[in-house]
Structure formats: structure tokens, C-alpha cells
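Structure file structure_35.cif; described as mmCIF, C-alpha atoms and all ligand atoms.
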data_my_file
#
loop_
_atom_site.label_atom_id
_atom_site.label_comp_id
_atom_site.auth_asym_id
_atom_site.auth_seq_id
_atom_site.Cartn_x
_atom_site.Cartn_y
_atom_site.Cartn_z
CA MET I 1 93.19 79.10 -19.24
CA SER I 2 92.00 82.47 -20.54
CA ARG I 3 91.03 84.81 -17.74
CA ALA I 4 89.13 87.25 -19.94
CA PRO I 5 85.60 87.95 -18.65
CA LEU I 6 82.54 86.41 -20.28
CA PRO I 7 81.39 88.63 -23.18
CA LEU I 8 78.76 91.13 -22.01
CA TRP I 9 76.33 90.02 -24.71
CA LEU I 10 76.45 86.45 -23.38
CA SER I 11 75.79 87.41 -19.74
CA GLY I 12 73.12 89.86 -20.89
CA ALA I 13 71.39 87.23 -23.03
CA VAL I 14 71.40 84.63 -20.22
CA VAL I 15 69.99 87.13 -17.70
CA ALA I 16 67.36 88.52 -20.14
CA ALA I 17 66.23 85.01 -21.11
CA THR I 18 65.93 84.03 -17.43
CA PHE I 19 63.83 87.14 -16.75
CA GLY I 20 61.57 86.37 -19.74
CA VAL I 21 60.99 82.75 -18.71
CA LEU I 22 60.25 83.78 -15.10
CA LEU I 23 57.78 86.50 -16.21
CA TRP I 24 55.95 83.85 -18.23
CA LEU I 25 55.94 81.36 -15.32
CA GLU I 26 54.72 84.11 -12.96
CA GLN I 27 51.64 84.52 -15.17
CA ARG I 28 50.99 80.79 -15.25
CA ARG I 29 51.80 79.72 -11.67
CA PRO I 30 51.84 82.69 -9.26
CA LEU I 31 52.93 82.01 -5.67
CA ARG I 32 51.55 85.21 -4.04
CA ALA I 33 48.53 87.38 -4.88
CA PRO I 34 49.62 90.80 -6.19
CA VAL I 35 49.03 94.03 -4.24
CA GLU I 36 49.83 96.44 -7.10
CA PRO I 37 49.15 96.15 -10.84
CA LYS I 38 52.03 94.15 -12.30
CA ALA I 39 52.78 96.33 -15.36
CA ARG I 40 53.15 99.48 -13.26
CA ARG I 41 55.51 97.78 -10.81
CA VAL I 42 57.62 96.16 -13.49
CA ALA I 43 57.96 99.52 -15.31
CA ARG I 44 59.01 101.20 -12.04
CA ASN I 45 61.51 98.49 -11.18
CA LEU I 46 62.95 98.62 -14.71
CA ALA I 47 63.44 102.39 -14.29
CA VAL I 48 65.36 101.74 -11.04
CA LEU I 49 67.38 99.11 -12.95
CA ALA I 50 68.22 101.57 -15.74
CA LEU I 51 69.65 104.07 -13.23
CA GLY I 52 71.56 101.33 -11.41
CA THR I 53 72.97 99.89 -14.64
CA ALA I 54 74.14 103.32 -15.79
CA ALA I 55 75.79 103.95 -12.39
CA LEU I 56 77.57 100.57 -12.47
CA ALA I 57 78.73 101.03 -16.08
CA LEU I 58 80.45 104.26 -15.01
CA THR I 59 81.91 102.92 -11.76
CA GLU I 60 81.96 99.16 -11.13
CA ARG I 61 82.94 98.03 -14.60
CA PRO I 62 86.11 100.14 -14.91
CA VAL I 63 87.13 99.79 -11.24
CA ILE I 64 86.53 96.06 -10.75
CA GLY I 65 87.62 95.25 -14.32
CA ALA I 66 91.02 96.87 -13.78
CA LEU I 67 91.39 95.49 -10.25
CA SER I 68 90.57 91.88 -11.14
CA ALA I 69 92.94 92.00 -14.15
CA ARG I 70 95.73 93.20 -11.85
CA VAL I 71 94.86 90.58 -9.20
CA ALA I 72 95.13 87.82 -11.84
CA ALA I 73 98.36 89.20 -13.37
CA ARG I 74 100.14 89.67 -10.03
CA ARG I 75 98.56 86.56 -8.44
CA TRP I 76 97.27 88.48 -5.42
CA GLY I 77 94.73 87.09 -2.96
CA LEU I 78 94.08 83.89 -0.99
CA LEU I 79 93.33 81.64 -3.94
CA HIS I 80 96.57 82.52 -5.69
CA GLN I 81 98.63 82.20 -2.53
CA ALA I 82 97.17 78.76 -1.84
CA ALA I 83 98.72 77.42 -5.08
CA LEU I 84 95.63 75.38 -5.99
CA PRO I 85 95.17 73.37 -9.19
CA GLY I 86 94.11 75.82 -11.90
CA TRP I 87 90.71 74.20 -12.47
CA LEU I 88 89.75 74.69 -8.83
CA GLU I 89 90.33 78.45 -8.74
CA LEU I 90 87.18 79.48 -10.61
CA PRO I 91 84.61 77.40 -8.67
CA LEU I 92 86.26 78.30 -5.34
CA ALA I 93 86.25 81.99 -6.28
CA VAL I 94 82.52 81.77 -7.07
CA VAL I 95 81.76 80.01 -3.76
CA LEU I 96 83.82 82.50 -1.71
CA LEU I 97 82.21 85.46 -3.51
CA ASP I 98 78.82 83.93 -2.65
CA TYR I 99 79.79 83.63 1.03
CA THR I 100 81.17 87.15 1.29
CA LEU I 101 78.00 88.47 -0.37
CA TYR I 102 76.07 86.77 2.47
CA VAL I 103 78.18 88.84 4.89
CA TRP I 104 77.51 92.03 2.90
CA HIS I 105 73.78 91.30 2.89
CA VAL I 106 73.83 91.02 6.70
CA LEU I 107 75.73 94.33 6.88
CA VAL I 108 73.27 96.24 4.67
CA HIS I 109 70.52 95.17 7.06
CA ARG I 110 72.41 95.69 10.34
CA VAL I 111 74.32 98.94 9.66
CA SER I 112 71.73 101.69 9.80
CA TRP I 113 73.18 104.00 7.11
CA LEU I 114 73.49 101.03 4.71
CA TRP I 115 69.92 99.95 5.50
CA ARG I 116 68.73 103.40 4.31
CA PHE I 117 69.72 102.31 0.80
CA HIS I 118 68.90 98.56 0.90
CA LEU I 119 65.44 99.56 2.19
CA VAL I 120 64.56 100.65 -1.37
CA HIS I 121 64.76 97.00 -2.42
CA HIS I 122 62.61 95.86 0.51
CA VAL I 123 59.76 98.42 0.35
CA ASP I 124 58.39 96.78 -2.81
CA ARG I 125 54.98 95.52 -1.62
CA ASP I 126 55.02 92.66 -4.10
CA LEU I 127 57.86 90.27 -4.74
CA ASP I 128 58.63 89.01 -8.23
CA ALA I 129 61.55 88.74 -10.65
CA SER I 130 61.44 92.52 -11.24
CA THR I 131 62.17 93.12 -7.52
CA ALA I 132 65.54 91.47 -8.18
CA LEU I 133 66.34 94.41 -10.49
CA ARG I 134 65.35 97.03 -7.97
CA PHE I 135 68.42 98.20 -6.09
CA HIS I 136 69.07 101.91 -5.58
CA ALA I 137 71.97 103.16 -7.74
CA ALA I 138 73.63 104.58 -4.62
CA GLU I 139 73.51 101.16 -2.88
CA LEU I 140 75.14 99.61 -5.94
CA VAL I 141 77.89 102.23 -6.03
CA ILE I 142 78.55 101.93 -2.28
CA SER I 143 78.79 98.14 -2.62
CA ILE I 144 81.73 98.53 -5.04
CA THR I 145 84.01 99.06 -2.03
CA TRP I 146 82.96 95.63 -0.68
CA ARG I 147 83.23 94.15 -4.18
CA ALA I 148 86.80 95.46 -4.51
CA ALA I 149 87.74 93.95 -1.14
CA GLN I 150 86.22 90.60 -2.19
CA VAL I 151 88.23 90.58 -5.43
CA LEU I 152 91.46 91.59 -3.74
CA VAL I 153 91.30 89.33 -0.67
CA ILE I 154 89.92 86.23 -2.41
CA GLY I 155 92.02 86.75 -5.57
CA VAL I 156 89.26 86.85 -8.21
CA SER I 157 90.11 86.88 -11.94
CA PRO I 158 87.99 88.83 -14.48
CA LEU I 159 86.60 85.50 -15.75
CA ALA I 160 85.64 84.25 -12.28
CA PHE I 161 84.08 87.63 -11.46
CA SER I 162 81.94 87.64 -14.60
CA VAL I 163 80.85 84.00 -14.10
CA TRP I 164 79.84 84.80 -10.50
CA GLN I 165 77.97 87.98 -11.51
CA THR I 166 76.02 86.14 -14.21
CA ALA I 167 75.19 83.24 -11.88
CA LEU I 168 74.21 85.69 -9.13
CA GLN I 169 71.84 87.59 -11.42
CA VAL I 170 70.18 84.36 -12.57
CA SER I 171 69.90 83.17 -8.96
CA THR I 172 68.57 86.53 -7.75
CA LEU I 173 65.91 86.67 -10.48
CA PHE I 174 64.89 83.10 -9.64
CA HIS I 175 64.56 83.45 -5.86
CA HIS I 176 62.70 86.75 -6.05
CA SER I 177 60.29 85.37 -8.65
CA ASN I 178 56.62 84.91 -7.89
CA VAL I 179 56.54 81.35 -9.22
CA ARG I 180 54.75 78.51 -7.42
CA LEU I 181 57.11 75.57 -7.84
CA PRO I 182 55.89 72.10 -6.84
CA LEU I 183 56.61 71.90 -3.09
CA ALA I 184 58.57 68.64 -3.36
CA LEU I 185 60.82 70.19 -6.04
CA GLU I 186 61.42 73.30 -3.94
CA ARG I 187 62.18 71.25 -0.82
CA GLY I 188 64.81 69.44 -2.86
CA LEU I 189 66.27 72.64 -4.33
CA VAL I 190 66.41 74.46 -0.98
CA ARG I 191 68.91 71.91 0.30
CA VAL I 192 71.42 73.63 -1.98
CA LEU I 193 69.99 76.82 -3.54
CA VAL I 194 67.94 79.80 -2.39
CA THR I 195 64.36 79.37 -3.65
CA PRO I 196 61.30 81.66 -4.07
CA ARG I 197 59.46 80.50 -0.92
CA MET I 198 62.65 80.78 1.16
CA HIS I 199 63.51 84.29 -0.04
CA GLY I 200 59.89 85.45 0.27
CA ILE I 201 60.29 84.93 4.04
CA HIS I 202 63.23 87.40 4.00
CA HIS I 203 60.90 90.01 2.44
CA SER I 204 58.24 89.55 5.15
CA THR I 205 56.98 92.58 7.11
CA LEU I 206 57.89 90.69 10.34
CA ARG I 207 61.34 91.63 11.64
CA GLY I 208 62.11 88.11 12.90
CA GLU I 209 61.55 86.76 9.38
CA THR I 210 63.43 89.54 7.54
CA ASP I 211 66.44 88.87 9.78
CA ALA I 212 66.83 85.42 8.23
CA ASN I 213 67.60 83.85 4.86
CA TRP I 214 70.39 86.24 3.84
CA SER I 215 72.01 83.88 1.32
CA SER I 216 71.92 84.82 -2.37
CA GLY I 217 73.09 81.60 -4.01
CA LEU I 218 73.92 78.63 -1.79
CA THR I 219 71.74 78.03 1.30
CA LEU I 220 74.85 76.66 3.04
CA TRP I 221 75.70 80.06 4.54
CA ASP I 222 72.35 80.47 6.31
CA ARG I 223 72.65 76.89 7.49
CA LEU I 224 76.17 77.47 8.90
CA HIS I 225 75.15 80.69 10.66
CA GLY I 226 71.83 79.35 11.99
CA THR I 227 69.88 82.00 10.06
CA LEU I 228 67.83 79.68 7.85
CA CYS I 229 64.07 80.03 8.30
CA LEU I 230 61.71 77.80 6.30
CA ASP I 231 58.62 77.02 8.39
CA VAL I 232 56.45 80.02 7.46
CA PRO I 233 53.16 79.35 5.60
CA GLN I 234 53.41 81.43 2.41
CA ALA I 235 49.79 82.61 2.75
CA GLU I 236 50.70 84.30 6.06
CA ILE I 237 53.52 86.40 4.59
CA THR I 238 52.92 90.09 3.91
CA ILE I 239 55.66 91.47 1.66
CA GLY I 240 57.27 94.81 2.48
CA VAL I 241 58.45 96.98 5.38
CA PRO I 242 55.81 98.05 7.96
CA ALA I 243 56.73 101.78 7.97
CA HIS I 244 56.51 102.02 4.16
CA ARG I 245 53.26 100.31 3.19
CA ALA I 246 51.35 103.38 1.94
CA PRO I 247 50.74 103.58 -1.84
CA GLU I 248 52.50 106.99 -1.97
CA ASP I 249 55.66 105.35 -0.56
CA ALA I 250 55.81 103.16 -3.65
CA THR I 251 56.06 105.80 -6.38
CA LEU I 252 59.29 106.12 -8.37
CA PRO I 253 60.25 109.57 -6.97
CA SER I 254 59.56 108.34 -3.40
CA ILE I 255 61.79 105.30 -3.67
CA LEU I 256 64.61 107.20 -5.41
CA LEU I 257 64.58 109.88 -2.69
CA LEU I 258 64.04 107.42 0.18
CA PRO I 259 67.73 107.05 1.25
CA PHE I 260 68.12 110.84 1.49
CA VAL I 261 65.03 111.81 3.50
CA SER I 262 64.23 111.31 7.18
CA GLN I 263 62.98 107.74 7.71
CA PRO I 264 60.71 106.48 10.49
CA PRO I 265 61.82 103.27 12.28
CA SER I 266 61.23 100.47 9.76
CA TRP I 267 59.62 98.11 12.30
CA PRO I 268 57.46 98.61 15.38
CA THR I 269 59.65 98.45 18.49
CA THR I 270 57.46 95.65 19.83
CA ASP I 271 58.46 93.41 16.90
CA ALA I 272 60.65 90.49 18.00
CA ALA I 273 64.08 90.77 16.37
CA THR I 274 64.57 87.02 16.15
CA ARG I 275 62.44 83.94 16.28
CA ARG I 276 63.06 80.23 16.47
CA CYS I 277 62.80 78.83 12.95
CA GLY I 278 62.42 75.45 11.37
CA ALA I 279 65.35 74.97 9.01
CA ARG I 280 64.93 71.42 7.73
CA PRO I 281 64.07 71.30 4.00
CA ASP I 282 60.88 69.32 4.77
CA GLU I 283 59.75 72.20 7.02
CA LEU I 284 59.39 74.46 3.98
CA LEU I 285 55.63 75.06 3.84
CA PRO I 286 53.23 75.50 0.86
ZN ZN I 301 67.68 92.04 2.17
#
If you convert what's in this file into C-alpha cells, what do you get?
Ligand SMILES: [Zn+2]
Amino acid sequence: MSRAPLPLWLSGAVVAATFGVLLWLEQRRPLRAPVEPKARRVARNLAVLALGTAALALTERPVIGALSARVAARRWGLLHQAALPGWLELPLAVVLLDYTLYVWHVLVHRVSWLWRFHLVHHVDRDLDASTALRFHAAELVISITWRAAQVLVIGVSPLAFSVWQTALQVSTLFHHSNVRLPLALERGLVRVLVTPRMHGIHHSTLRGETDANWSSGLTLWDRLHGTLCLDVPQAEITIGVPAHRAPEDATLPSILLLPFVSQPPSWPTTDAATRRCGARPDELLP
């Protein structure tokens, strides 16, 4: 089996088409009422995306490209050592990358200097597909160290890495989107995949809700770790981070500088860090 990565044009076309369809659905069936004008936010988030994409083109692509090619050629990593049937390597690599991204997501929330950067993603006061594109370039560059460890330890080929990245981008666009899916459909999907209502809870201004729903693809990881939280009425969710709700915190210069300036505590100290959550799919609320 060829281990060459998916062509960039193919991944790009799949991701761009997903974004286009979600933007259209967001107009037709919005899940949450907007706080800011949509066009201004989308333009801002696309500017953050442009910086992040440029940073990754200069760093992640050469580093991870070379590393994954070497991993495949020398058969390094757990999957190669396990001597599995060839057809199983790619799906297992994708699943293990998804799990280790769950761990990374917990770390960027729990480790205070990492949170300084991930905060840029969370201070968006609305949540839609464009929020999925809004990660500070510095967070993306820092995450390359984790990405390299994932590739090396798991034993990820260039093909498996590119399949995972494309699937992750599609999944991330989908679960950030502001699309009101039929509740029965979403309760079915959330058994397996992260959905818009589920991920909206992670973007809540309440600490106990943000510290839940860390999965990016399969909901299995939140289920295994007891961090799944579904029983929050969507109308009660305020999106954002309490210390950064002012309109001037949302401008492009503010969010680009945010990791490098002094930050107030993100949550009031009285906010409960955890709460007991309903995690059964039928507890997902409208
Ligand atoms: Zn997060």
C-alpha cells in the first residue's frame, strides 16, 4: 500500500466544501443566536486562520512530513512493532491520534502557559464553523512537539497522518458549527461522534462545563474518562470566557496579542471546577 500523503488539493477541497455547506446550514438552521455580526467574525477568524496556515506550512509540514516518512521507512512506533495486518494500521493510527489529541486538549486547558494560547480559541463570543479555524499560530507551532511525539510513538505513516488531519478538520468544523440538527439525529450521532450541541457545552462560560467534552472526533474518550457532559439546555449556554467578554477583547489585534500580555484569571474563583453531568445520549437537550 502506498504511504504517500493525500494530495493537498484533495484535503483542501474536502475541508473547503465542508466549510461552505456548514455556512449555508448555519444561515438556514442556526442553533444559537449570534452576539456579533457574522461577517465581521468570520473575516477575523479567517485572518487568524491565514496566520496559522502560514506558520504550519513553514514548520509542521516539513517537520512532520519528514518524521512520518522516516517512521514508515524504519517501521518505528507501536503500530509497526505490533506486526498488525497492513489494512489495520491506518484506522488504528487514526483512532490513536484521536485519543492522544484528547490528552493534548486536556493539557492545553490544564497547563497554565498552554491555556494562554488555547484561550484565543475560546474567547470567541459566538461559536460557529469559523471558530474551528481560529487557533493562534503560536498554539499551532507549540503543538508540533506533541504531534511529533504522536507520530513517533504510535508509528504514523504520512498517509495515515494526512487522513487523520483531513478527518479532524472536517470533524472540527462540524462540531463547532452553529447548526441546529434534529435532536433525535444528534442523540444518535453523539453515541459515536462529537456534535455541535455537545461541543457548545465545552465553550460555555461556566468552568464546570468547559472542563468537559474534550474529544475532537470520537466521543469514546470522554466516555472512558468520565468527562462527557450532555444535559445542558442549549438556551442556557453563554459562549466565551468570563474574563474576556468585552467587545474590545474580541478585536483581531487583541486576540493576536492575548497570549503575550498579562491575563486576568479566566473564571471567577467561586466557579465550581467540576459538576455532575448527564452523559447518556438521550440526556442531550434541545
Ligand atoms: Zn478547548
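If you measure from each of I:Leu228, I:Ala83, I:Leu6, I:Leu101 to Gln150 of chain I using all atoms listed in the file, the closest one turns out to be I:Leu101.
If you look at atom CA of Asn213 of chain I and atom CA of Ile201 of chain I, they are 7.4 Å away from each other.
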Check which residues fall inside 7 Å of ligand ZN 301 (chain I) when counting only C-alpha atoms and all ligand atoms, and print them as a PDB file with C-alpha atoms, in the coordinates of the input.
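Result file is result16.pdb:
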ATOM      1  CA  HIS I 105      73.780  91.300   2.890  1.00  0.00           C
ATOM      2  CA  HIS I 109      70.520  95.170   7.060  1.00  0.00           C
ATOM      3  CA  HIS I 118      68.900  98.560   0.900  1.00  0.00           C
ATOM      4  CA  HIS I 122      62.610  95.860   0.510  1.00  0.00           C
ATOM      5  CA  HIS I 202      63.230  87.400   4.000  1.00  0.00           C
ATOM      6  CA  TRP I 214      70.390  86.240   3.840  1.00  0.00           C
TER       7      TRP I 214
END
query = Separation of atom CA of Ser215 of chain I and atom CA of Val192 of chain I, in Å?
reply = 10.8 Å
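Of the listed residues (I:Leu92, I:Cys277, I:Val111, I:Val194), I:Leu92 comes nearest to Val163 of chain I; the distances count all atoms listed in the file.
Comparing I:His176, I:Arg134, I:Arg116, I:Arg125 by their smallest distance to Val48 of chain I, the closest is I:Arg134 (using all atoms listed in the file).
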query = Which neighbours of Ala69 of chain I fall inside 9 Å, counting all atoms listed in the file, when residues of the same chain fewer than 5 positions from it are skipped, and could you give them as JSON, numbers by chain?
reply = {"I": [3, 4, 64, 74, 156, 157, 158]}
key: One-decimal distance in Å that lies between atom CA of Ala212 of chain I and atom CA of Asp231 of chain I   =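 Interatomic distance here is 11.7 Å.
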How close does each residue of segment 104-223 of chain I get to segment 7-23 of chain I, giving the shortest atom pair and distance in Å to one decimal for every residue with an atom at most 12 Å away, counting only C-alpha atoms, sorted by chain and residue number, as a tab-separated table?
residue	atom	partner	partner_atom	distance
I:Asp128	CA	I:Leu23	CA	8.4
I:Ala129	CA	I:Phe19	CA	6.7
I:Ser130	CA	I:Phe19	CA	8.1
I:Thr131	CA	I:Phe19	CA	11.1
I:Ala132	CA	I:Phe19	CA	9.8
I:Leu133	CA	I:Phe19	CA	9.9
I:Pro158	CA	I:Pro7	CA	10.9
I:Leu159	CA	I:Pro7	CA	9.6
I:Phe161	CA	I:Ser11	CA	11.7
I:Ser162	CA	I:Ser11	CA	8.0
I:Val163	CA	I:Ser11	CA	8.3
I:Trp164	CA	I:Ser11	CA	10.4
I:Gln165	CA	I:Ser11	CA	8.5
I:Thr166	CA	I:Ser11	CA	5.7
I:Ala167	CA	I:Val15	CA	8.7
I:Leu168	CA	I:Val15	CA	9.7
I:Gln169	CA	I:Val15	CA	6.6
I:Val170	CA	I:Val15	CA	5.8
I:Ser171	CA	I:Thr18	CA	9.4
I:Thr172	CA	I:Val15	CA	10.1
I:Leu173	CA	I:Phe19	CA	6.6
I:Phe174	CA	I:Leu22	CA	7.2
I:His175	CA	I:Leu22	CA	10.2
I:His176	CA	I:Leu22	CA	9.8
I:Ser177	CA	I:Leu22	CA	6.6
I:Asn178	CA	I:Leu22	CA	8.2
I:Val179	CA	I:Leu22	CA	7.4
I:Arg180	CA	I:Leu22	CA	10.8
I:Leu181	CA	I:Leu22	CA	11.4
I:Pro196	CA	I:Leu22	CA	11.3
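In this comparison, which uses only C-alpha atoms, the residue of I:Ala47, I:Leu119, I:Ala250, I:Leu218 approaching Ser266 of chain I most closely is I:Leu119.
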ask   = Which residues, written as number ranges by chain, have at least one atom at most 12 Å from segment 232-237 of chain I, with only C-alpha atoms counted and residues fewer than 3 positions away on the same chain left out?
value = I: 30-33, 125-127, 178, 180, 183, 196-210, 212, 228-229, 240-241, 275-279, 282-286
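All protein, DNA and RNA residues at most 12 Å from (72.9, 102.5, -13.9) are Leu46, Ala47, Val48, Leu49, Ala50, Leu51, Gly52, Thr53, Ala54, Ala55, Leu56, Ala57, Leu58, Thr59, Glu60, Arg61, Leu133, Arg134, Phe135, His136, Ala137, Ala138, Glu139, Leu140 and Val141 of chain I, using only C-alpha atoms.
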task = Counting all atoms listed in the file, figure out which residue out of I:Lys38, I:His121, I:Arg70, I:Arg223 gets nearest to Val190 of chain I.
result =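 That would be I:Arg223, the residue with the smallest distance to Val190 of chain I.
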